[in-house]
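A.B. asks: See start_8.txt below, with compact mmCIF, C-alpha atoms.
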```
# COMPACT_ATOMS: atom_id res chain seq x y z
CA GLY L 27 -66.07 20.94 28.95
CA ASN L 28 -65.06 17.72 27.31
CA SER L 29 -61.44 16.63 27.25
CA VAL L 30 -59.31 13.63 26.27
CA THR L 31 -55.94 12.71 27.74
CA GLN L 32 -53.60 10.23 26.06
CA MET L 33 -50.50 8.63 27.47
CA GLU L 34 -47.25 10.43 26.91
CA GLY L 35 -45.38 9.28 23.85
CA PRO L 36 -43.75 8.37 21.59
CA VAL L 37 -43.99 4.58 21.86
CA THR L 38 -41.35 2.39 20.26
CA LEU L 39 -41.87 -1.37 19.99
CA SER L 40 -40.41 -4.37 18.22
CA GLU L 41 -42.55 -6.28 15.74
CA GLU L 42 -44.95 -8.76 17.40
CA ALA L 43 -44.85 -6.91 20.74
CA PHE L 44 -48.00 -6.12 22.72
CA LEU L 45 -49.34 -2.58 22.42
CA THR L 46 -51.29 -0.50 24.93
CA ILE L 47 -52.02 3.20 24.47
CA ASN L 48 -53.88 4.70 27.39
CA CYS L 49 -56.76 7.13 26.96
CA THR L 50 -58.96 8.74 29.60
CA TYR L 51 -61.71 11.25 29.11
CA THR L 52 -63.85 13.83 30.84
CA ALA L 53 -67.35 14.44 29.53
CA THR L 54 -70.89 15.09 30.64
CA GLY L 55 -73.60 12.79 29.44
CA TYR L 56 -72.83 9.64 27.47
CA PRO L 57 -70.26 10.30 24.76
CA SER L 58 -69.22 8.04 21.92
CA LEU L 59 -65.53 7.14 21.91
CA PHE L 60 -63.20 6.70 18.96
CA TRP L 61 -59.66 5.82 17.98
CA TYR L 62 -58.35 7.44 14.81
CA VAL L 63 -55.05 6.67 13.08
CA GLN L 64 -52.98 9.05 10.98
CA TYR L 65 -50.30 7.68 8.67
CA PRO L 66 -47.49 10.02 7.54
CA GLY L 67 -48.74 12.68 5.15
CA GLU L 68 -52.36 11.56 5.33
CA GLY L 69 -55.62 12.56 7.00
CA LEU L 70 -57.26 10.69 9.86
CA GLN L 71 -58.84 7.28 9.45
CA LEU L 72 -61.36 5.85 11.88
CA LEU L 73 -59.84 2.76 13.48
CA LEU L 74 -62.62 1.74 15.86
CA LYS L 75 -65.44 3.13 17.96
CA ALA L 76 -67.73 2.38 20.90
CA THR L 77 -70.99 4.14 21.58
CA LYS L 78 -71.99 2.96 25.07
CA ALA L 79 -70.47 1.65 28.29
CA ASP L 80 -68.88 -1.81 28.12
CA ASP L 81 -68.94 -1.82 24.30
CA LYS L 82 -65.78 -3.17 22.72
CA GLY L 83 -64.67 -1.69 19.42
CA SER L 84 -62.34 -3.76 17.26
CA ASN L 85 -60.68 -3.54 13.85
CA LYS L 86 -57.51 -4.89 12.21
CA GLY L 87 -56.47 -6.62 15.44
CA PHE L 88 -56.89 -3.48 17.55
CA GLU L 89 -59.38 -3.41 20.42
CA ALA L 90 -60.65 -0.88 22.94
CA THR L 91 -63.34 -1.20 25.62
CA TYR L 92 -65.52 1.70 26.79
CA ARG L 93 -65.08 1.77 30.59
CA LYS L 94 -67.43 4.29 32.13
CA GLU L 95 -66.39 3.54 35.72
CA THR L 96 -62.77 4.50 34.97
CA THR L 97 -63.62 6.93 32.10
CA SER L 98 -61.12 5.12 29.91
CA PHE L 99 -60.85 3.75 26.37
CA HIS L 100 -57.39 2.16 26.14
CA LEU L 101 -56.21 0.88 22.76
CA GLU L 102 -54.61 -2.58 22.62
CA LYS L 103 -53.14 -4.90 20.01
CA GLY L 104 -51.65 -8.28 20.74
CA SER L 105 -48.96 -8.31 18.06
CA VAL L 106 -47.94 -5.11 16.26
CA GLN L 107 -46.49 -4.93 12.77
CA VAL L 108 -44.14 -2.43 11.15
CA SER L 109 -47.12 -1.22 9.10
CA ASP L 110 -48.87 -0.12 12.33
CA SER L 111 -46.36 2.73 12.70
CA ALA L 112 -48.49 5.89 12.76
CA VAL L 113 -49.98 8.50 15.09
CA TYR L 114 -53.00 7.32 17.11
CA PHE L 115 -55.65 9.73 18.39
CA CYS L 116 -58.30 9.05 20.99
CA ALA L 117 -61.43 11.16 20.57
CA LEU L 118 -64.94 11.62 21.90
CA ALA L 119 -68.16 13.10 20.62
CA GLY L 120 -71.67 13.54 21.89
CA GLY L 121 -72.69 14.35 25.42
CA THR L 122 -72.74 18.13 25.45
CA SER L 123 -70.58 18.39 22.31
CA TYR L 124 -73.03 16.94 19.83
CA GLY L 125 -71.41 16.61 16.44
CA LYS L 126 -68.02 17.90 17.55
CA LEU L 127 -65.02 15.61 18.00
CA THR L 128 -62.65 16.36 20.88
CA PHE L 129 -59.21 14.80 20.36
CA GLY L 130 -56.34 13.83 22.58
CA GLN L 131 -52.86 15.04 21.72
CA GLY L 132 -51.93 11.88 19.83
CA THR L 133 -49.41 9.09 20.43
CA ILE L 134 -46.66 8.37 17.94
CA LEU L 135 -46.10 4.63 17.50
CA THR L 136 -42.96 3.31 15.84
CA VAL L 137 -42.58 -0.42 15.26
CA HIS L 138 -39.15 -1.81 14.37
CA PRO L 139 -38.60 -5.10 12.52
CA ASP H 8 -67.28 5.95 -4.08
CA ALA H 9 -65.18 9.08 -3.64
CA GLY H 10 -64.25 9.92 -0.10
CA VAL H 11 -63.77 13.39 1.31
CA THR H 12 -61.67 15.55 -0.98
CA GLN H 13 -59.89 18.81 -0.17
CA SER H 14 -58.12 21.42 -2.22
CA PRO H 15 -55.49 22.64 -2.47
CA THR H 16 -53.06 20.14 -0.97
CA HIS H 17 -50.54 22.76 0.04
CA LEU H 18 -50.66 26.53 0.28
CA ILE H 19 -48.14 29.20 1.19
CA LYS H 20 -49.32 32.67 2.20
CA THR H 21 -47.86 35.70 3.92
CA ARG H 22 -49.07 37.40 7.08
CA GLY H 23 -52.16 39.55 6.59
CA GLN H 24 -53.36 37.72 3.51
CA GLN H 25 -56.61 35.84 3.17
CA VAL H 26 -57.05 32.18 2.21
CA THR H 27 -59.91 29.94 1.09
CA LEU H 28 -59.81 26.18 1.51
CA ARG H 29 -62.32 23.84 -0.13
CA CYS H 30 -63.90 20.53 0.80
CA SER H 31 -66.23 18.08 -0.93
CA PRO H 32 -67.91 15.63 1.43
CA LYS H 33 -68.25 11.90 1.01
CA SER H 34 -71.17 10.91 -1.19
CA GLY H 35 -74.38 10.81 0.83
CA HIS H 36 -73.08 13.04 3.61
CA ASP H 37 -74.76 16.32 4.45
CA THR H 38 -72.61 17.71 7.26
CA VAL H 39 -69.11 19.17 7.07
CA SER H 40 -66.80 19.94 9.98
CA TRP H 41 -63.46 21.73 9.88
CA TYR H 42 -60.50 21.09 12.17
CA GLN H 43 -57.11 22.73 12.63
CA GLN H 44 -54.18 20.45 13.43
CA ALA H 45 -51.01 22.21 14.53
CA LEU H 46 -47.76 20.29 14.24
CA GLY H 47 -47.53 17.59 16.89
CA GLN H 48 -51.03 18.26 18.23
CA GLY H 49 -54.46 16.71 17.95
CA PRO H 50 -57.04 18.34 15.68
CA GLN H 51 -59.03 21.24 17.14
CA PHE H 52 -62.65 21.77 16.11
CA ILE H 53 -63.26 25.01 14.20
CA PHE H 54 -66.92 24.76 13.16
CA GLN H 55 -69.57 22.54 11.60
CA TYR H 56 -72.00 23.22 8.77
CA TYR H 57 -75.34 21.56 8.19
CA GLU H 58 -78.10 22.71 5.81
CA GLU H 59 -75.89 25.66 4.81
CA GLU H 60 -75.84 27.00 8.38
CA GLU H 61 -73.04 27.11 10.93
CA ARG H 62 -74.34 24.64 13.47
CA GLN H 63 -71.61 24.63 16.08
CA ARG H 64 -68.39 26.56 16.59
CA GLY H 65 -65.19 25.98 18.53
CA ASN H 66 -62.91 28.56 20.18
CA PHE H 67 -61.68 30.26 17.04
CA PRO H 68 -61.81 34.01 16.28
CA ASP H 69 -64.13 35.58 13.73
CA ARG H 70 -61.23 35.66 11.25
CA PHE H 71 -62.25 32.06 10.61
CA SER H 72 -65.47 31.83 8.62
CA GLY H 73 -67.10 29.28 6.41
CA HIS H 74 -69.78 28.46 3.96
CA GLN H 75 -71.72 25.43 2.82
CA TYR H 76 -73.28 25.17 -0.61
CA PRO H 77 -76.50 23.38 -1.62
CA ASN H 78 -74.44 20.43 -2.91
CA TYR H 79 -73.01 20.13 0.65
CA SER H 80 -69.48 21.19 -0.34
CA SER H 81 -67.86 23.69 1.98
CA GLU H 82 -65.25 26.43 2.21
CA LEU H 83 -63.12 27.62 5.08
CA ASN H 84 -61.96 31.22 4.89
CA VAL H 85 -59.28 32.74 7.08
CA ASN H 86 -58.68 36.49 7.01
CA ALA H 87 -55.69 38.50 8.23
CA LEU H 88 -53.46 35.45 8.43
CA LEU H 89 -51.09 35.11 11.39
CA LEU H 90 -47.97 32.97 11.65
CA GLY H 91 -49.85 30.85 14.19
CA ASP H 92 -52.42 29.89 11.56
CA SER H 93 -49.85 27.61 9.95
CA ALA H 94 -51.32 24.11 10.32
CA LEU H 95 -52.95 21.19 8.59
CA TYR H 96 -56.62 21.96 8.01
CA LEU H 97 -58.82 18.91 7.97
CA CYS H 98 -62.32 18.61 6.63
CA ALA H 99 -64.61 15.85 7.88
CA SER H 100 -68.03 14.84 6.64
CA SER H 101 -70.84 12.93 8.31
CA ASP H 102 -74.47 12.07 7.84
CA LEU H 103 -76.71 13.80 10.36
CA SER H 104 -79.84 12.33 8.90
CA GLY H 105 -78.68 8.74 9.34
CA GLN H 106 -77.52 6.66 12.29
CA GLY H 107 -73.81 7.47 12.16
CA ILE H 108 -74.24 11.01 13.35
CA ASN H 109 -70.97 11.04 15.23
CA GLU H 110 -68.90 9.06 12.74
CA GLN H 111 -66.87 11.55 10.76
CA PHE H 112 -64.79 10.74 7.69
CA PHE H 113 -61.72 12.88 7.14
CA GLY H 114 -60.10 14.23 4.02
CA PRO H 115 -56.32 14.30 3.48
CA GLY H 116 -56.10 17.91 4.62
CA THR H 117 -54.65 21.17 3.31
CA ARG H 118 -51.23 22.15 4.63
CA LEU H 119 -51.18 25.93 5.13
CA THR H 120 -47.89 27.71 5.72
CA VAL H 121 -47.94 31.38 6.70
CA LEU H 122 -44.66 33.25 6.25
```
What would you get if you wrote out this structure as structure tokens?
C.D. replies:
Amino acid sequence: GNSVTQMEGPVTLSEEAFLTINCTYTATGYPSLFWYVQYPGEGLQLLLKATKADDKGSNKGFEATYRKETTSFHLEKGSVQVSDSAVYFCALAGGTSYGKLTFGQGTILTVHP
Amino acid sequence: DAGVTQSPTHLIKTRGQQVTLRCSPKSGHDTVSWYQQALGQGPQFIFQYYEEEERQRGNFPDRFSGHQYPNYSSELNVNALLLGDSALYLCASSDLSGQGINEQFFGPGTRLTVL
């Protein structure tokens, strides 16, 4: 079945530092890939997505590239802010799991001033 | 444009009881999915409803059941509650008839505590 593995967390950074959160996946077919963000006490918000190999999703300074050869979708941001502190989830859908999102375990990001 | 709404926000029940959670999808969306998010974990897919039918189901027991109404709103019912059912229950809506078939919009969730 489909699965998503995120890097072990939590991640603690100083403001303006570079962020990478690793995500790898296992899936049959050609899934779509997503990053969702969850702020304290809230539901999930879609941060960015990519629907085919080599696509780059981007939003609010965050980027991730769909790498089929390495089955990865790593999240990056060049300069984090305190307001980026949240839990980040990598997810996939499609392939054999049409309509169903499969999530990673989440990575807690804390950014200090 | 209202997003996905869920009610109630919080709920406390005791073991063995039954609970009903409610969800109204984003305007224009016809598909509702339910997820269970245990503390410190990623959401786990429970099931999805489209055209008032359960379209797909995850690895959850029959104690978990649902319903979708003609206006696309949905309910999640859990019978014979166990302590392990304590979690944040998330509803997500999407538009199967359009292009964003895999883009799901989430509600704020219902926090269920089973004592």
A.B. asks: Pick the closest to Ser31 of chain H from H:Gln111, H:Thr120, H:Ser72, H:Ser81: which is it, counting only C-alpha atoms?
C.D. replies: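 That would be H:Ser81, the residue with the smallest distance to Ser31 of chain H.
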A.B. asks: Residues of chain L near chain H: apply a cut-off of 7 Å, count all atoms listed in the file, and supply the list as an MDAnalysis selection string.
C.D. replies: chainID L and resid 68:71 119 125:127 129:132
A.B. asks: What's around Arg70 of chain H at 12 Å? Count all atoms listed in the file, leave out sequence neighbours fewer than 2 positions away in its own chain, and write the answer as a PyMOL selection string.
C.D. replies: chain H and resi 23-27+53+66-68+72-73+83-89+92
A.B. asks: Put a box with edges along x, y and z around all the listed atoms of segment 44-49 of chain H, pad it by 5 Å on each side, then give me its centre and sizes in Å, one decimal, as JSON.
C.D. replies:
```
{"center_x": -51.0, "center_y": 19.5, "center_z": 15.8, "size_x": 16.9, "size_y": 15.5, "size_z": 14.8}
```
A.B. asks: Just the residues within 9 Å of Thr91 of chain L, please, counting only C-alpha atoms, with nothing from its chain fewer than 6 positions along; format it as a ChimeraX atom specification.
C.D. replies: /L:76,79-84,98-101
A.B. asks: May I have the residues within 9 Å of Gly104 of chain L as a PDB file with C-alpha atoms, in the coordinates of the input, using all atoms listed in the file and disregarding those fewer than 6 positions away in the same chain?
C.D. replies:
```
ATOM      1  CA  GLU L  42     -44.950  -8.760  17.400  1.00  0.00           C
ATOM      2  CA  ALA L  43     -44.850  -6.910  20.740  1.00  0.00           C
ATOM      3  CA  PHE L  44     -48.000  -6.120  22.720  1.00  0.00           C
ATOM      4  CA  LEU L  45     -49.340  -2.580  22.420  1.00  0.00           C
ATOM      5  CA  THR L  46     -51.290  -0.500  24.930  1.00  0.00           C
ATOM      6  CA  GLY L  87     -56.470  -6.620  15.440  1.00  0.00           C
ATOM      7  CA  PHE L  88     -56.890  -3.480  17.550  1.00  0.00           C
TER       8      PHE L  88
END
```
A.B. asks: Quick one: pull the distance between atom CA of Asn28 of chain L and atom CA of Cys49 of chain L, Å, one decimal.
C.D. replies: 13.5 Å
A.B. asks: At a cut-off of 9 Å, using only C-alpha atoms, what residues contact Leu135 of chain L? Leave out same-chain residues fewer than 2 positions from it and give the result as a list in words.
C.D. replies: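 Everything that qualifies: Gly35, Pro36, Val37, Thr38, Leu39, Asp110, Ser111, Ala112, Val113, Tyr114, Thr133 and Val137 of chain L.
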A.B. asks: Excluding same-chain residues fewer than 5 positions from Ala9 of chain H, what lies within 9 Å of it counting all atoms listed in the file, as a JSON list (two decimals) with C-alpha atoms, keeping the file's coordinate frame?
C.D. replies:
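What ended up in result_15.json:
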```json
[["chain", "number", "residue", "atom", "x", "y", "z"],
["H", 32, "PRO", "CA", -67.91, 15.63, 1.43],
["H", 33, "LYS", "CA", -68.25, 11.90, 1.01],
["H", 34, "SER", "CA", -71.17, 10.91, -1.19]]
```
A.B. asks: In terms of the shortest atom-to-atom distance over all atoms listed in the file, which of L:Pro66, L:Val30, L:Thr96, L:Lys75 is closest to Ser109 of chain L?
C.D. replies: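 Ranking L:Pro66, L:Val30, L:Thr96, L:Lys75 by distance to Ser109 of chain L, first place goes to L:Pro66.
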A.B. asks: Which of these, H:Gln13, H:Gln43, H:Ser100, H:Ser93, has the shortest distance to Tyr56 of chain H once you count all atoms listed in the file?
C.D. replies: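 With all atoms listed in the file as the atom set, the closest residue is H:Ser100.
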A.B. asks: Using Å and a single decimal, report how far atom CA of Gln75 of chain H sits from atom CA of Trp61 of chain L.
C.D. replies: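 Value for the atom CA of Trp61 of chain L-atom CA of Gln75 of chain H distance: 27.6 Å.
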A.B. asks: Could you tell me which of L:Gln64, L:Ser29, L:Glu102, L:Leu74 comes closest to Gly120 of chain L if we count all atoms listed in the file?
C.D. replies: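 For Gly120 of chain L, the nearest of the given residues is L:Ser29.
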A.B. asks: What gap, in Å, lies between atom CA of Thr97 of chain L and atom CA of Ile47 of chain L?
C.D. replies: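 Taking atom CA of Thr97 of chain L and atom CA of Ile47 of chain L, their separation equals 14.4 Å.
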A.B. asks: Choose the residue, out of L:Ser40, L:Leu73, L:Phe60, L:Gln32, that has the smallest atom-to-atom separation from Val108 of chain L; count only C-alpha atoms.
C.D. replies: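 Residue with the minimum atom-to-atom distance to Val108 of chain L: L:Ser40.
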